[in-house]
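Source file: protein26.txt (compact mmCIF, C-alpha atoms and all ligand atoms)
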# COMPACT_ATOMS: atom_id res chain seq x y z
CA MET K 1 -6.91 -26.26 -13.68
CA HIS K 2 -8.84 -23.15 -14.75
CA PHE K 3 -7.65 -19.58 -14.22
CA ILE K 4 -11.27 -18.65 -13.39
CA ASP K 5 -13.84 -21.48 -13.25
CA LEU K 6 -17.29 -20.08 -14.11
CA GLN K 7 -18.67 -23.54 -14.90
CA ALA K 8 -18.14 -24.82 -11.33
CA GLN K 9 -20.26 -21.97 -10.01
CA TYR K 10 -23.00 -22.55 -12.61
CA LYS K 11 -23.13 -26.25 -11.74
CA ARG K 12 -23.66 -25.37 -8.10
CA LEU K 13 -26.33 -22.70 -8.70
CA LYS K 14 -27.90 -24.20 -11.85
CA THR K 15 -31.40 -24.96 -10.52
CA ARG K 16 -31.81 -21.49 -9.00
CA ILE K 17 -30.33 -19.58 -11.95
CA ASP K 18 -32.29 -21.58 -14.55
CA GLN K 19 -35.54 -20.92 -12.64
CA ARG K 20 -34.81 -17.18 -12.44
CA ILE K 21 -34.12 -16.99 -16.19
CA GLN K 22 -37.32 -18.98 -16.87
CA ASP K 23 -39.30 -16.51 -14.73
CA VAL K 24 -38.13 -13.64 -16.95
CA LEU K 25 -39.01 -15.56 -20.12
CA THR K 26 -42.47 -16.16 -18.64
CA HIS K 27 -43.24 -12.56 -17.64
CA GLY K 28 -41.53 -11.17 -20.75
CA LYS K 29 -40.39 -7.83 -19.28
CA TYR K 30 -36.91 -8.08 -20.83
CA ILE K 31 -36.00 -4.42 -20.34
CA MET K 32 -36.27 -2.82 -16.86
CA GLY K 33 -38.31 -5.77 -15.58
CA PRO K 34 -39.00 -6.26 -11.85
CA GLU K 35 -35.72 -8.14 -11.29
CA VAL K 36 -33.79 -4.95 -12.11
CA GLN K 37 -35.41 -3.01 -9.25
CA GLU K 38 -35.11 -6.01 -6.92
CA LEU K 39 -31.39 -6.24 -7.70
CA GLU K 40 -30.79 -2.49 -7.29
CA LYS K 41 -32.42 -2.59 -3.85
CA LYS K 42 -30.34 -5.61 -2.75
CA LEU K 43 -27.08 -4.20 -4.12
CA ALA K 44 -27.62 -0.85 -2.36
CA GLU K 45 -28.32 -2.71 0.91
CA TYR K 46 -25.26 -4.90 0.51
CA VAL K 47 -22.94 -1.98 -0.22
CA GLY K 48 -24.58 0.25 2.40
CA VAL K 49 -25.55 3.22 0.22
CA LYS K 50 -28.86 4.93 -0.54
CA HIS K 51 -28.94 4.40 -4.31
CA CYS K 52 -27.83 1.75 -6.80
CA ILE K 53 -28.44 2.43 -10.48
CA THR K 54 -27.60 -0.52 -12.73
CA CYS K 55 -26.36 -0.02 -16.28
CA ALA K 56 -24.99 -1.88 -19.30
CA ASN K 57 -21.35 -2.37 -18.18
CA GLY K 58 -18.61 -1.05 -15.90
CA THR K 59 -17.24 1.28 -18.56
CA ASP K 60 -20.64 2.97 -18.96
CA ALA K 61 -20.88 3.17 -15.16
CA LEU K 62 -17.74 5.34 -15.21
CA THR K 63 -19.00 7.41 -18.16
CA LEU K 64 -22.40 7.97 -16.50
CA SER K 65 -20.65 9.08 -13.28
CA MET K 66 -18.55 11.59 -15.19
CA MET K 67 -21.63 12.89 -17.02
CA VAL K 68 -23.25 13.51 -13.62
CA LEU K 69 -20.14 15.38 -12.41
CA ASP K 70 -20.13 17.38 -15.66
CA ILE K 71 -16.57 16.35 -16.52
CA LYS K 72 -15.58 17.87 -19.84
CA GLU K 73 -12.86 19.40 -22.01
CA GLY K 74 -10.42 21.45 -19.95
CA ASP K 75 -10.85 19.29 -16.84
CA ALA K 76 -8.08 17.23 -15.24
CA VAL K 77 -9.09 13.82 -13.87
CA PHE K 78 -6.50 11.95 -11.79
CA CYS K 79 -6.29 8.15 -12.05
CA PRO K 80 -3.72 5.41 -11.48
CA THR K 81 -1.55 4.50 -14.47
CA PHE K 82 -1.58 0.86 -13.30
CA THR K 83 -5.20 -0.14 -14.04
CA PHE K 84 -7.50 -1.53 -16.72
CA PHE K 85 -7.82 0.70 -19.80
CA ALA K 86 -11.47 1.69 -19.19
CA THR K 87 -10.56 3.80 -16.13
CA ALA K 88 -8.49 6.20 -18.24
CA GLU K 89 -10.39 5.70 -21.49
CA THR K 90 -13.64 7.08 -20.08
CA ILE K 91 -11.84 10.25 -18.92
CA ALA K 92 -10.56 10.87 -22.44
CA PHE K 93 -13.99 9.93 -23.85
CA GLN K 94 -15.41 12.93 -21.94
CA LYS K 95 -12.68 14.99 -23.69
CA ALA K 96 -11.10 15.65 -20.28
CA THR K 97 -7.38 15.08 -19.63
CA PRO K 98 -6.30 12.01 -17.66
CA ILE K 99 -3.49 12.80 -15.21
CA PHE K 100 -1.66 9.59 -14.36
CA VAL K 101 -0.59 8.76 -10.84
CA ASP K 102 2.00 6.22 -9.70
CA SER K 103 1.26 3.12 -7.59
CA ASP K 104 1.82 2.33 -3.95
CA ILE K 105 4.56 -0.30 -3.93
CA GLU K 106 2.85 -2.44 -1.25
CA THR K 107 -0.80 -2.45 -2.34
CA PHE K 108 -0.44 -1.65 -6.11
CA ASN K 109 -3.23 0.92 -5.61
CA ILE K 110 -2.98 4.66 -6.36
CA CYS K 111 -0.18 6.31 -4.34
CA SER K 112 -1.71 9.11 -2.28
CA GLU K 113 1.54 11.09 -1.99
CA HIS K 114 2.06 11.12 -5.74
CA LEU K 115 -1.65 11.95 -6.19
CA GLU K 116 -1.25 15.11 -4.12
CA LYS K 117 1.92 16.02 -6.06
CA GLN K 118 0.10 15.66 -9.37
CA ILE K 119 -2.83 17.79 -8.13
CA LYS K 120 -0.41 20.53 -7.01
CA LYS K 121 1.35 20.36 -10.38
CA VAL K 122 -1.90 20.83 -12.34
CA ILE K 123 -2.87 23.76 -10.10
CA ALA K 124 0.59 25.36 -10.53
CA GLU K 125 0.46 25.00 -14.33
CA GLY K 126 -2.99 26.62 -14.35
CA LYS K 127 -4.07 25.14 -17.70
CA LEU K 128 -6.61 22.55 -16.56
CA VAL K 129 -9.31 22.55 -13.89
CA PRO K 130 -8.62 19.79 -11.32
CA LYS K 131 -12.06 18.18 -11.32
CA ALA K 132 -12.04 14.59 -10.06
CA ILE K 133 -10.05 11.60 -8.87
CA ILE K 134 -10.86 8.07 -10.00
CA ALA K 135 -9.37 5.63 -7.50
CA VAL K 136 -9.39 1.94 -8.46
CA ASP K 137 -9.80 -1.04 -6.09
CA LEU K 138 -7.14 -2.96 -7.97
CA PHE K 139 -7.29 -6.78 -7.86
CA GLY K 140 -10.08 -6.50 -5.24
CA LEU K 141 -8.31 -4.42 -2.59
CA PRO K 142 -9.96 -1.07 -1.75
CA ALA K 143 -7.69 1.94 -2.37
CA ASN K 144 -6.56 4.03 0.62
CA TYR K 145 -9.85 5.95 0.90
CA PRO K 146 -9.27 7.56 4.31
CA GLU K 147 -6.28 9.36 2.78
CA ILE K 148 -7.74 9.90 -0.72
CA GLU K 149 -10.98 11.34 0.69
CA ARG K 150 -8.90 13.77 2.77
CA ILE K 151 -7.02 14.91 -0.36
CA ALA K 152 -10.25 15.23 -2.39
CA GLN K 153 -11.77 17.45 0.32
CA LYS K 154 -8.61 19.54 0.72
CA TYR K 155 -8.53 20.44 -2.99
CA GLU K 156 -12.34 20.39 -3.42
CA ILE K 157 -12.24 17.72 -6.10
CA LYS K 158 -14.84 14.99 -6.61
CA LEU K 159 -13.95 11.35 -5.94
CA ILE K 160 -15.12 8.38 -8.00
CA GLU K 161 -14.43 4.86 -6.73
CA ASP K 162 -13.87 2.40 -9.60
CA ALA K 163 -14.86 -0.81 -7.80
CA ALA K 164 -15.11 -2.93 -10.97
CA GLN K 165 -12.70 -5.40 -9.34
CA GLY K 166 -13.45 -4.41 -5.77
CA PHE K 167 -17.07 -5.44 -5.12
CA GLY K 168 -17.06 -7.21 -1.75
CA GLY K 169 -13.96 -5.43 -0.41
CA GLU K 170 -14.03 -3.48 2.86
CA ILE K 171 -12.18 -0.94 4.99
CA ASP K 172 -13.06 -1.16 8.70
CA GLY K 173 -16.43 -2.71 7.88
CA LYS K 174 -17.31 -0.09 5.23
CA ARG K 175 -17.88 -1.80 1.91
CA ALA K 176 -16.45 -1.09 -1.55
CA GLY K 177 -18.96 0.89 -3.58
CA SER K 178 -19.59 3.28 -0.70
CA PHE K 179 -16.45 5.44 -0.97
CA GLY K 180 -16.22 8.87 -2.60
CA ASP K 181 -19.05 10.85 -4.20
CA ILE K 182 -19.96 8.13 -6.70
CA ALA K 183 -18.76 4.53 -7.05
CA THR K 184 -18.99 2.15 -9.98
CA THR K 185 -18.72 -1.58 -10.53
CA SER K 186 -18.77 -4.11 -13.36
CA PHE K 187 -20.57 -7.44 -13.67
CA PHE K 188 -18.35 -8.71 -16.50
CA PRO K 189 -18.34 -12.52 -16.02
CA ALA K 190 -14.78 -12.71 -14.63
CA LYS K 191 -15.25 -10.00 -11.96
CA PRO K 192 -15.91 -11.00 -8.31
CA LEU K 193 -19.67 -10.58 -8.89
CA GLY K 194 -20.25 -11.37 -12.56
CA CYS K 195 -23.29 -12.02 -14.75
CA TYR K 196 -23.54 -14.01 -18.02
CA GLY K 197 -22.90 -11.09 -20.32
CA ASP K 198 -22.16 -7.40 -19.74
CA GLY K 199 -23.48 -5.45 -16.78
CA GLY K 200 -22.55 -2.64 -14.41
CA ALA K 201 -23.80 -0.41 -11.62
CA VAL K 202 -23.32 3.00 -10.04
CA PHE K 203 -23.65 3.66 -6.29
CA THR K 204 -24.24 6.96 -4.50
CA ASN K 205 -25.78 8.50 -1.39
CA ASN K 206 -26.58 11.70 -3.32
CA ASP K 207 -30.30 11.94 -4.30
CA GLU K 208 -29.65 14.48 -7.05
CA TYR K 209 -26.92 12.31 -8.63
CA ALA K 210 -29.23 9.28 -8.48
CA GLU K 211 -31.98 11.12 -10.38
CA LEU K 212 -29.47 12.28 -13.02
CA LEU K 213 -28.07 8.76 -13.40
CA LYS K 214 -31.56 7.32 -13.99
CA SER K 215 -32.12 9.95 -16.69
CA PHE K 216 -28.71 9.64 -18.38
CA ARG K 217 -28.98 5.84 -18.68
CA VAL K 218 -32.24 6.14 -20.67
CA HIS K 219 -31.58 8.80 -23.33
CA GLY K 220 -31.74 11.71 -20.89
CA LYS K 221 -35.41 11.06 -20.15
CA GLY K 222 -37.51 13.54 -18.16
CA GLN K 223 -40.65 12.77 -16.15
CA ASP K 224 -42.23 11.49 -19.35
CA LYS K 225 -40.29 8.80 -21.26
CA TYR K 226 -40.70 10.72 -24.54
CA ASP K 227 -39.75 14.08 -23.08
CA ASN K 228 -35.96 14.02 -23.28
CA VAL K 229 -34.54 16.80 -21.16
CA ARG K 230 -30.81 16.19 -21.67
CA ILE K 231 -28.45 14.20 -23.91
CA GLY K 232 -27.95 10.75 -22.41
CA MET K 233 -27.23 7.25 -23.62
CA ASN K 234 -28.81 3.80 -23.79
CA SER K 235 -27.19 1.90 -20.93
CA ARG K 236 -29.65 -0.39 -19.17
CA LEU K 237 -28.96 -3.73 -17.50
CA ASP K 238 -30.97 -6.57 -19.13
CA THR K 239 -33.63 -8.14 -16.90
CA ILE K 240 -32.15 -11.62 -17.53
CA GLN K 241 -28.73 -10.45 -16.30
CA ALA K 242 -30.39 -8.92 -13.20
CA ALA K 243 -32.14 -12.25 -12.54
CA ILE K 244 -28.83 -14.14 -12.76
CA LEU K 245 -27.11 -11.60 -10.50
CA LEU K 246 -29.80 -11.97 -7.81
CA GLU K 247 -28.93 -15.65 -7.40
CA LYS K 248 -25.19 -14.97 -7.55
CA LEU K 249 -25.46 -12.18 -4.98
CA ALA K 250 -27.23 -14.57 -2.59
CA GLU K 251 -24.14 -16.82 -2.77
CA PHE K 252 -21.58 -14.00 -2.79
CA GLN K 253 -20.56 -13.95 0.91
CA THR K 254 -19.89 -17.71 0.87
CA GLU K 255 -17.80 -17.27 -2.28
CA LEU K 256 -15.92 -14.35 -0.75
CA LYS K 257 -14.95 -16.50 2.24
CA SER K 258 -13.69 -19.19 -0.10
CA ARG K 259 -11.61 -16.68 -2.10
CA ASN K 260 -10.09 -15.36 1.11
CA ALA K 261 -9.27 -18.87 2.31
CA SER K 262 -7.53 -19.64 -1.00
CA ALA K 263 -5.58 -16.39 -0.87
CA ALA K 264 -4.43 -17.16 2.67
CA LYS K 265 -3.24 -20.61 1.57
CA TYR K 266 -1.38 -19.17 -1.40
CA SER K 267 0.35 -16.58 0.78
CA ALA K 268 1.34 -19.12 3.43
CA GLN K 269 3.01 -21.28 0.79
CA LEU K 270 4.52 -18.60 -1.43
CA ALA K 271 5.72 -15.87 0.93
CA ASP K 272 9.27 -17.25 0.99
CA THR K 273 9.58 -17.27 -2.78
CA TYR K 274 7.77 -14.09 -3.90
CA LYS K 275 6.50 -10.74 -2.78
CA THR K 276 2.91 -11.76 -1.91
CA PRO K 277 -0.09 -9.37 -1.90
CA LYS K 278 -0.40 -7.09 1.11
CA VAL K 279 -3.81 -6.51 2.71
CA PRO K 280 -3.47 -3.62 5.20
CA GLU K 281 -4.94 -3.88 8.72
CA GLY K 282 -8.73 -3.42 8.66
CA TYR K 283 -9.00 -4.08 4.89
CA VAL K 284 -10.77 -6.97 3.18
CA SER K 285 -9.96 -7.87 -0.44
CA SER K 286 -12.45 -9.52 -2.78
CA TRP K 287 -9.48 -11.13 -4.58
CA ALA K 288 -10.43 -10.38 -8.14
CA GLN K 289 -6.83 -11.45 -8.78
CA TYR K 290 -4.09 -13.00 -6.68
CA THR K 291 -0.99 -11.21 -7.91
CA LEU K 292 2.68 -11.93 -7.23
CA VAL K 293 5.79 -9.87 -7.99
CA SER K 294 8.94 -11.49 -9.34
CA GLU K 295 12.06 -10.22 -11.08
CA THR K 296 12.13 -13.46 -13.03
CA ARG K 297 8.47 -13.40 -14.07
CA ASP K 298 8.82 -15.20 -17.40
CA GLU K 299 10.68 -18.14 -15.86
CA GLU K 300 8.16 -18.38 -13.01
CA MET K 301 5.24 -18.42 -15.43
CA GLU K 302 6.96 -21.16 -17.46
CA LYS K 303 7.38 -23.24 -14.31
CA TYR K 304 3.67 -22.98 -13.47
CA LYS K 305 2.75 -23.77 -17.06
CA ALA K 306 4.80 -26.97 -16.92
CA GLN K 307 2.74 -28.00 -13.87
CA GLY K 308 -0.53 -27.29 -15.69
CA ILE K 309 -1.23 -24.12 -13.69
CA PRO K 310 -2.36 -21.18 -15.87
CA THR K 311 -1.06 -17.69 -15.04
CA MET K 312 -1.89 -14.27 -16.49
CA ILE K 313 -0.31 -10.81 -16.52
CA TYR K 314 -2.47 -7.95 -15.16
CA TYR K 315 -1.24 -5.50 -16.38
CA GLY K 316 1.76 -5.64 -18.70
CA THR K 317 1.12 -2.13 -20.03
CA CYS K 318 0.47 0.95 -17.88
CA MET K 319 -1.91 3.65 -19.12
CA HIS K 320 0.97 6.05 -19.82
CA GLN K 321 2.57 3.36 -22.02
CA GLN K 322 -0.59 2.75 -24.09
CA THR K 323 -0.40 3.81 -27.76
CA ALA K 324 -3.69 5.71 -27.36
CA PHE K 325 -2.17 7.84 -24.56
CA LYS K 326 1.22 8.53 -26.18
CA TYR K 327 -0.06 12.06 -26.90
CA LEU K 328 0.12 12.85 -23.18
CA GLY K 329 3.91 12.46 -23.32
CA TYR K 330 4.65 10.59 -20.08
CA SER K 331 7.90 8.68 -19.52
CA ASP K 332 8.44 5.63 -17.28
CA SER K 333 10.75 7.65 -15.02
CA GLU K 334 7.80 9.85 -13.95
CA LEU K 335 5.83 6.77 -12.88
CA PRO K 336 8.60 4.41 -11.71
CA VAL K 337 6.72 2.06 -9.36
CA ALA K 338 3.90 1.26 -11.79
CA SER K 339 6.34 0.91 -14.70
CA LYS K 340 8.33 -1.65 -12.73
CA LEU K 341 5.20 -3.52 -11.59
CA SER K 342 4.08 -3.88 -15.21
CA LYS K 343 7.31 -5.81 -15.87
CA GLN K 344 7.18 -7.99 -12.74
CA VAL K 345 3.58 -8.91 -11.84
CA PHE K 346 1.74 -12.10 -12.69
CA SER K 347 -1.47 -13.61 -11.32
CA LEU K 348 -2.36 -17.14 -10.23
CA PRO K 349 -5.75 -18.84 -10.67
CA MET K 350 -8.37 -17.35 -8.36
CA HIS K 351 -12.06 -18.24 -8.04
CA PRO K 352 -14.33 -19.52 -5.25
CA TYR K 353 -14.24 -23.22 -6.30
CA MET K 354 -10.52 -23.99 -6.23
CA ASN K 355 -10.27 -26.61 -3.46
CA LEU K 356 -6.62 -25.83 -2.83
C1 LIG K 401 -13.39 -4.42 -15.89
C2 LIG K 401 -13.05 -3.05 -15.48
C3 LIG K 401 -13.75 -1.93 -15.96
C4 LIG K 401 -14.76 -2.00 -17.05
O1 LIG K 401 -15.83 -2.87 -16.86
P1 LIG K 401 -16.63 -3.46 -18.13
O2 LIG K 401 -17.86 -4.03 -17.49
O3 LIG K 401 -15.77 -4.49 -18.76
O4 LIG K 401 -16.94 -2.34 -19.03
C5 LIG K 401 -13.42 -0.68 -15.46
N1 LIG K 401 -12.44 -0.53 -14.55
C6 LIG K 401 -11.73 -1.57 -14.07
C7 LIG K 401 -10.67 -1.33 -13.05
C8 LIG K 401 -12.00 -2.87 -14.53
O5 LIG K 401 -11.29 -3.89 -14.06
Any chance you could put this one into structure tokens?
Ligand SMILES: *Cc1c(COP(=O)(O)O)cnc(C)c1O
Amino acid sequence: MHFIDLQAQYKRLKTRIDQRIQDVLTHGKYIMGPEVQELEKKLAEYVGVKHCITCANGTDALTLSMMVLDIKEGDAVFCPTFTFFATAETIAFQKATPIFVDSDIETFNICSEHLEKQIKKVIAEGKLVPKAIIAVDLFGLPANYPEIERIAQKYEIKLIEDAAQGFGGEIDGKRAGSFGDIATTSFFPAKPLGCYGDGGAVFTNNDEYAELLKSFRVHGKGQDKYDNVRIGMNSRLDTIQAAILLEKLAEFQTELKSRNASAAKYSAQLADTYKTPKVPEGYVSSWAQYTLVSETRDEEMEKYKAQGIPTMIYYGTCMHQQTAFKYLGYSDSELPVASKLSKQVFSLPMHPYMNL
């Protein structure tokens, strides 16, 4: 049994994917070829936003978003402590200060009550400018956007949705990638929609942001390619990766159904033994991971291993526990839910070709 089986998907889509790659080799437009625009149009339609700007990876998608929002030294950016490193890393990369927020005990996503407390604390201290929130759709489940959007508006802070794991998720029919001012995703092979290398995208309804994103991803280009009007970066999606993603996107809804069916089967069988993942009313998860909570995690993982079932820990270290963020001086007691989750969570195999 595989934890994530990328080969099963390739076998199924081989003819179509191989043809798409061959088409790129034939036309030879390896950078910003026609498949890139075709993909951006289809992704924007799928997510239900005006603009999709692809880029080199999900980490760059976050960095590009923060460049657009002019996030810099002296700014406070709020993010969950229980997430993948890139969420917090990109904040520090902009020389801004990450402010860590605890998790909701049911959904593992950012806790909106603690978020508001942290915002109030930063305002009261008066040292940093509260600039943005990065909410993460952890393990595929959209964060509580109705509540987070209300908080962002109340304090006039920008909201970035990190949907690297959440592509395909929904709240009341509104899709992941459409929440907040800007949303980002990743096409790393193991994500719900993955390519065969690195890739990412940014989504927004804001025309001005979209223009800035297109400039920032190609060295801050102006109207003319060799007139550089701002400092940017080189963060384009390869045409071959776009070609692969077009075929995978065409299959994505079918795969999403299969992931949801597997998750339902897991939960039906495991609910008596563990705390199983909660999907609130009106929400759809894309099941990037199927994650259980157990006080005897190590023993449970051993049991699965003995049966030939691989398990993984996402995440065993919170952001505030990372060596690179020791300088921020957080203790576990300030972020108790996330600290406990990091000691108790483990994930079971999850992909669309499981045949449970
Ligand atoms: C994977 C991931 C990223 C980064 O994406 P890359 O494409 O690997 O750079 C960012 N945030 C979260 C929550 C992720 O899971």
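You will find atom CA of Tyr315 of chain K at 14.4 Å from atom CA of Thr107 of chain K.
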Within 8 Å of ligand LIG 401 (chain K), counting all atoms listed in the file, which protein or nucleic acid residues do you find, written as a compact mmCIF listing (two decimals) with C-alpha atoms, in the frame of the given file?
# COMPACT_ATOMS: atom_id res chain seq x y z
CA ALA K 56 -24.99 -1.88 -19.30
CA ASN K 57 -21.35 -2.37 -18.18
CA GLY K 58 -18.61 -1.05 -15.90
CA THR K 59 -17.24 1.28 -18.56
CA ASP K 60 -20.64 2.97 -18.96
CA ALA K 61 -20.88 3.17 -15.16
CA LEU K 62 -17.74 5.34 -15.21
CA THR K 83 -5.20 -0.14 -14.04
CA PHE K 84 -7.50 -1.53 -16.72
CA PHE K 85 -7.82 0.70 -19.80
CA ALA K 86 -11.47 1.69 -19.19
CA THR K 87 -10.56 3.80 -16.13
CA VAL K 136 -9.39 1.94 -8.46
CA ASP K 137 -9.80 -1.04 -6.09
CA LEU K 138 -7.14 -2.96 -7.97
CA PHE K 139 -7.29 -6.78 -7.86
CA ASP K 162 -13.87 2.40 -9.60
CA ALA K 163 -14.86 -0.81 -7.80
CA ALA K 164 -15.11 -2.93 -10.97
CA GLN K 165 -12.70 -5.40 -9.34
CA THR K 185 -18.72 -1.58 -10.53
CA SER K 186 -18.77 -4.11 -13.36
CA PHE K 187 -20.57 -7.44 -13.67
CA PHE K 188 -18.35 -8.71 -16.50
CA LYS K 191 -15.25 -10.00 -11.96
CA ASP K 198 -22.16 -7.40 -19.74
CA GLY K 199 -23.48 -5.45 -16.78
CA GLY K 200 -22.55 -2.64 -14.41
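Going from atom CA of Thr204 of chain K over to atom CA of Leu69 of chain K, you cover 12.3 Å.
With all atoms listed in the file as the atoms that count, the minimum distance from Gln322 of chain K to the choices K:Ala183, K:Ala8, K:Ile71, K:Ala88 is reached by K:Ala88.
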- Write out as an NGL selection string each polymer residue whose atoms come within 6 Å of Asp102 of chain K, counting all atoms listed in the file; drop sequence neighbours fewer than 5 positions from it. :K and (111 or 335 or 338)
Those residues with C-alpha atoms, as a PDB file, in the frame of the given file please?
ATOM      1  CA  CYS K 111      -0.180   6.310  -4.340  1.00  0.00           C
ATOM      2  CA  LEU K 335       5.830   6.770 -12.880  1.00  0.00           C
ATOM      3  CA  ALA K 338       3.900   1.260 -11.790  1.00  0.00           C
TER       4      ALA K 338
END
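Minimum atom-to-atom distance to Asp75 of chain K, evaluated using only C-alpha atoms, belongs to K:Thr97 out of K:Thr63, K:Thr97, K:Asn355, K:Ser347.
Remark: residues at most 10 Å from position (1.8, -5.8, -18.5) in file coordinates are Phe82, Met312, Ile313, Tyr314, Tyr315, Gly316, Thr317, Cys318, Gln321, Ala338, Ser339, Lys340, Leu341, Ser342, Lys343, Gln344, Val345 and Phe346 of chain K, using only C-alpha atoms.
Between atom CA of Pro142 of chain K and atom CA of Lys174 of chain K lies a distance of 10.2 Å.
Among K:Phe100, K:Lys29, K:Asn260, K:Val202, the residue with the shortest atom-to-atom distance to Asp181 of chain K, counting only C-alpha atoms, is K:Val202.
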Complete the atoms of segment 20-26 of chain K to all heavy atoms and put them out as an mmCIF file, keeping the file's coordinate frame.
data_model
loop_
_atom_site.group_PDB
_atom_site.id
_atom_site.type_symbol
_atom_site.label_atom_id
_atom_site.label_comp_id
_atom_site.auth_asym_id
_atom_site.auth_seq_id
_atom_site.Cartn_x
_atom_site.Cartn_y
_atom_site.Cartn_z
ATOM 1 N N ARG K 20 -34.731 -18.645 -12.346
ATOM 2 C CA ARG K 20 -34.810 -17.180 -12.440
ATOM 3 C C ARG K 20 -34.896 -16.714 -13.895
ATOM 4 O O ARG K 20 -35.663 -15.802 -14.218
ATOM 5 C CB ARG K 20 -33.580 -16.539 -11.778
ATOM 6 C CG ARG K 20 -33.698 -16.379 -10.286
ATOM 7 C CD ARG K 20 -34.597 -15.195 -9.958
ATOM 8 N NE ARG K 20 -34.498 -14.855 -8.547
ATOM 9 C CZ ARG K 20 -35.039 -13.758 -8.005
ATOM 10 N NH1 ARG K 20 -35.707 -12.916 -8.757
ATOM 11 N NH2 ARG K 20 -34.913 -13.515 -6.732
ATOM 12 N N ILE K 21 -34.094 -17.359 -14.762
ATOM 13 C CA ILE K 21 -34.120 -16.990 -16.190
ATOM 14 C C ILE K 21 -35.501 -17.349 -16.765
ATOM 15 O O ILE K 21 -36.108 -16.565 -17.494
ATOM 16 C CB ILE K 21 -32.987 -17.699 -16.975
ATOM 17 C CG1 ILE K 21 -31.619 -17.184 -16.510
ATOM 18 C CG2 ILE K 21 -33.152 -17.489 -18.483
ATOM 19 C CD1 ILE K 21 -30.418 -17.904 -17.107
ATOM 20 N N GLN K 22 -35.998 -18.530 -16.393
ATOM 21 C CA GLN K 22 -37.320 -18.980 -16.870
ATOM 22 C C GLN K 22 -38.413 -17.995 -16.450
ATOM 23 O O GLN K 22 -39.308 -17.680 -17.233
ATOM 24 C CB GLN K 22 -37.614 -20.388 -16.331
ATOM 25 C CG GLN K 22 -38.851 -21.036 -16.944
ATOM 26 C CD GLN K 22 -38.783 -21.100 -18.466
ATOM 27 O OE1 GLN K 22 -37.820 -21.614 -19.043
ATOM 28 N NE2 GLN K 22 -39.784 -20.543 -19.147
ATOM 29 N N ASP K 23 -38.311 -17.488 -15.221
ATOM 30 C CA ASP K 23 -39.300 -16.510 -14.730
ATOM 31 C C ASP K 23 -39.348 -15.277 -15.635
ATOM 32 O O ASP K 23 -40.426 -14.763 -15.927
ATOM 33 C CB ASP K 23 -38.946 -16.045 -13.300
ATOM 34 C CG ASP K 23 -39.131 -17.155 -12.271
ATOM 35 O OD1 ASP K 23 -39.737 -18.198 -12.618
ATOM 36 O OD2 ASP K 23 -38.664 -16.978 -11.121
ATOM 37 N N VAL K 24 -38.172 -14.821 -16.075
ATOM 38 C CA VAL K 24 -38.130 -13.640 -16.950
ATOM 39 C C VAL K 24 -38.766 -13.980 -18.301
ATOM 40 O O VAL K 24 -39.561 -13.202 -18.842
ATOM 41 C CB VAL K 24 -36.678 -13.123 -17.141
ATOM 42 C CG1 VAL K 24 -36.646 -11.930 -18.095
ATOM 43 C CG2 VAL K 24 -36.058 -12.742 -15.795
ATOM 44 N N LEU K 25 -38.435 -15.167 -18.827
ATOM 45 C CA LEU K 25 -39.010 -15.560 -20.120
ATOM 46 C C LEU K 25 -40.531 -15.642 -20.011
ATOM 47 O O LEU K 25 -41.251 -15.329 -20.957
ATOM 48 C CB LEU K 25 -38.433 -16.915 -20.571
ATOM 49 C CG LEU K 25 -36.927 -16.933 -20.832
ATOM 50 C CD1 LEU K 25 -36.458 -18.338 -21.193
ATOM 51 C CD2 LEU K 25 -36.551 -15.954 -21.951
ATOM 52 N N THR K 26 -41.023 -16.029 -18.843
ATOM 53 C CA THR K 26 -42.470 -16.160 -18.640
ATOM 54 C C THR K 26 -43.144 -14.796 -18.544
ATOM 55 O O THR K 26 -44.163 -14.564 -19.186
ATOM 56 C CB THR K 26 -42.757 -17.015 -17.380
ATOM 57 O OG1 THR K 26 -42.082 -18.268 -17.541
ATOM 58 C CG2 THR K 26 -44.248 -17.259 -17.199
#
